[in-house]
Amino acid sequence: MVANLNVAGALRAALIDAFEADGSAVLLGEEVAHGGLFGTSEGLAERFGDRVISYAGCEATMVGAALGMAQAGLRPVVELLLADHALAAMQQLGGELANQRYATAGEFSARVVLRMPVGRGSAGGPRQSLSPEALLSAIPGLVVLTPSNPADAYGLLRAALEQDDPVVICEPKSLYGGPAAAVDRAAVPIGRARVARSGRDLTLVSWGAAVPRAIEAAELAASEDGVEASVIDLRSLAPLDEQTLLEAVAETGRAIVYHEGPRRAGFGAEVAATIAEGALEVLQAPVLRLAAADTPASCAGERHQAPGVAHVRDAILETACWA
Amino acid sequence: MIEREQAQRMLRAVLATEAFDARAAAAFEKRQLPFYLEQTDRAAVAVAAAAAMSPADWIYPGLHQLGVAVWRELDWTALAGRVLASGADPLRGRELPGLICSRRERIAPPTTNLGAHLAHALGCAEASKLRGTADVVLAFAGAASADASACIQALRRARDRELPLVILVDGRAPRELSASSIAFDAVEIHAGVATVARLAREGQGPALISIRPAPEDPLASLERAAGVSAQDVAAELADDIERAFEAAQAAGRPDATAAFEDVATHDSPGLPGQRRWLLGDA
């Protein structure tokens, strides 16, 4: 059934549908019994009772407890208040959940979905604006996803809830309350990028909160400057859909990687390296990385710390003309 | 009072664990193993506590509770394979020697990160309560793990939710956790853990208990209850343990390519290339 939902509504719908389909699904989080910080679990406690479990305080204990629940046969979804809090749970996440199936040769698996609001966009300042996707993608055993629109928010969460391995969903908090769009309530395959816009002159690779801005910049460059950029929404960072990425770059010979988190050692570096390894012979220009400044986020100035649509448009023109 | 047959089985498990431990420690001393943590003469604690639980109860061992696996009758050749990381190792040589788990026997994977498994045990107990089962969760902790914030957090949470969790501290528990204590004696440990497990099963959990030193040999009362001497039983077991190690050794090395399997449902696209590079696969 198609519904018109924004990202927060799509995530909530995915939780409701998954909880109705699977009686072993449970939700843990600091504010989940009250709807969650961004409203993504609104009404779930009333609907699913004991399966929505408030966990105050210690993220490491909560994530570790989720693993124990999974070992006992439940399918926990952990909703962190903010991605920054994942740092407090990194030992459990990276040392325990990520290794569970591998280290036990399949005796046990960590069927845990960890949802975390990421990035800037709520004036959260230096302690509430983390984009940890590069950090998380570097841990073998973790699946790392990030939606950029309501349909993918729904579909990726449903797909995550069918996995036998821990899945982290980086939910851009600037998109939660974004525009509503049609959501057909279908799972989105993990490991498959989406061609969000076709174009012959340049490939713009993006994910999460940067995707809508990438599309807007590409539309602007097309209408104002006559440069047609394709936009690839990676959606799944680990595993990475290298095939779609490299095919897109092969068609244009030019690539820009654009993301919300800081540039240094960001996931854009992995994408750029993948393009260099797999498509060097077709490249007609250096791969450009557009990302946030390598500084902590600022409450008052976060808009100025990351490239906006105008910057992306300029970069498109620069890369398209590079000879 | 402990039944004679139960006491005999417990004594045999303790002595088998000790013999197993001695054999593994000797292999470590000869540098045949990269790592092994000895049981530090605490086999009686692991076996007696495990014996006090029902087979359906989950157990979360630490690094010194090989006796749990022996009590729950995991195959000895597989256990030896686990220590030697041989072809008989059910974990394919991936995990540190001596770390043992079994879903079938409800033994959860240990961790080398201090106290991390106590959070897992907490979640397991939460699952038991949510599902309305009568399963109790027993978690072992050393004094250092008990001092870690994971233990304090797990216990606080378990108390708030009245969860069926028993944490057994093999050593002195931090004073602020107000643990009850049991003497280092196999029969007393069995009785003490059985009591708190029963209470937890009846909804009066959780419990934190610690082991205090005792003047007598920890197996003396168990020998009396079993009606046999530890020396005699140990002599019977020695050959069986040696045979298990020989069989594990004869199984050769685990398949090296297995090290790359099961990393995640969706392997990294780069993995085939890495496999070729590291292993020379076609």
# chains A, B, ... in the order shown; residues from 1 in each chain; ligands from 1
>>> select_by_dssp(residues="segment 38-212 of chain A", states="strand (DSSP E)", output="NGL selection string")
:A and (52-54 or 75-79 or 113-118 or 143-145 or 167-172 or 181-183 or 194-197 or 202-206)
>>> write_last_selection(atoms="C-alpha atoms", output="PDB file, in the first residue's frame")
ATOM      1  CA  VAL A  52       9.280  -1.127  23.305  1.00  0.00           C
ATOM      2  CA  ILE A  53      11.877  -0.847  26.039  1.00  0.00           C
ATOM      3  CA  SER A  54      13.209   2.369  27.535  1.00  0.00           C
ATOM      4  CA  ARG A  75      15.484  -9.229  16.908  1.00  0.00           C
ATOM      5  CA  PRO A  76      16.355  -5.957  18.629  1.00  0.00           C
ATOM      6  CA  VAL A  77      16.288  -2.531  17.052  1.00  0.00           C
ATOM      7  CA  VAL A  78      18.356  -0.034  19.008  1.00  0.00           C
ATOM      8  CA  GLU A  79      17.526   3.616  18.553  1.00  0.00           C
ATOM      9  CA  VAL A 113      19.656  -3.083  13.847  1.00  0.00           C
ATOM     10  CA  LEU A 114      21.246   0.040  15.246  1.00  0.00           C
ATOM     11  CA  ARG A 115      19.562   3.264  14.152  1.00  0.00           C
ATOM     12  CA  MET A 116      21.300   6.541  14.756  1.00  0.00           C
ATOM     13  CA  PRO A 117      20.494  10.144  13.806  1.00  0.00           C
ATOM     14  CA  VAL A 118      23.599  11.480  12.081  1.00  0.00           C
ATOM     15  CA  VAL A 143      26.462  -3.430   7.317  1.00  0.00           C
ATOM     16  CA  VAL A 144      26.169   0.359   7.044  1.00  0.00           C
ATOM     17  CA  LEU A 145      23.216   2.000   5.310  1.00  0.00           C
ATOM     18  CA  VAL A 167      23.144  -3.356  10.512  1.00  0.00           C
ATOM     19  CA  VAL A 168      23.757   0.299  11.269  1.00  0.00           C
ATOM     20  CA  ILE A 169      21.391   2.802   9.711  1.00  0.00           C
ATOM     21  CA  CYS A 170      22.772   6.302   9.642  1.00  0.00           C
ATOM     22  CA  GLU A 171      19.645   8.460   9.536  1.00  0.00           C
ATOM     23  CA  PRO A 172      20.365  12.043   8.467  1.00  0.00           C
ATOM     24  CA  ALA A 181       6.916  11.361  -0.856  1.00  0.00           C
ATOM     25  CA  ALA A 182       5.264   8.172  -2.047  1.00  0.00           C
ATOM     26  CA  VAL A 183       6.462   5.121  -0.135  1.00  0.00           C
ATOM     27  CA  ARG A 194      20.400   4.116  -6.861  1.00  0.00           C
ATOM     28  CA  VAL A 195      20.786   6.234  -9.983  1.00  0.00           C
ATOM     29  CA  ALA A 196      18.950   9.307  -8.744  1.00  0.00           C
ATOM     30  CA  ARG A 197      19.554  11.332 -11.894  1.00  0.00           C
ATOM     31  CA  LEU A 202      29.815  14.050 -14.965  1.00  0.00           C
ATOM     32  CA  THR A 203      28.982  11.674 -12.109  1.00  0.00           C
ATOM     33  CA  LEU A 204      28.084  13.083  -8.717  1.00  0.00           C
ATOM     34  CA  VAL A 205      28.354  10.403  -6.035  1.00  0.00           C
ATOM     35  CA  SER A 206      26.554  11.074  -2.794  1.00  0.00           C
TER      36      SER A 206
END
>>> residues_around(residues="Leu44 of chain A", least_positions_apart="5", cutoff="8 Å", atoms="only C-alpha atoms", output="list in words")
Ile16, Val32, Ala33, Gly35, Gly49 and Val52 of chain A
>>> interface_residues(of="chain A", to="chain B", cutoff="9 Å", atoms="only C-alpha atoms", output="PyMOL selection string")
chain A and resi 50-51+55+58+60-74+91-92+95-96+98-108+140-143+163-166+190-191+238-242
>>> atom_distance(atom1="atom CA of Gly29 of chain A", atom2="atom CA of Leu80 of chain A")
6.0 Å
>>> residues_around(residues="segment 226-241 of chain B", least_positions_apart="6", cutoff="10 Å", atoms="only C-alpha atoms", output="list in words")
Ile2, Glu3, Arg4, Glu5, Gln6, Ala7, Gln8, Arg9, Met10, Leu11, Arg12, Ala13, Val14, Leu15, Ala16, Thr17, Glu18, Ala19, Phe20, Asp21, Arg23, Trp76, Thr77, Ala80, Leu219, Ala220 and Ala247 of chain B
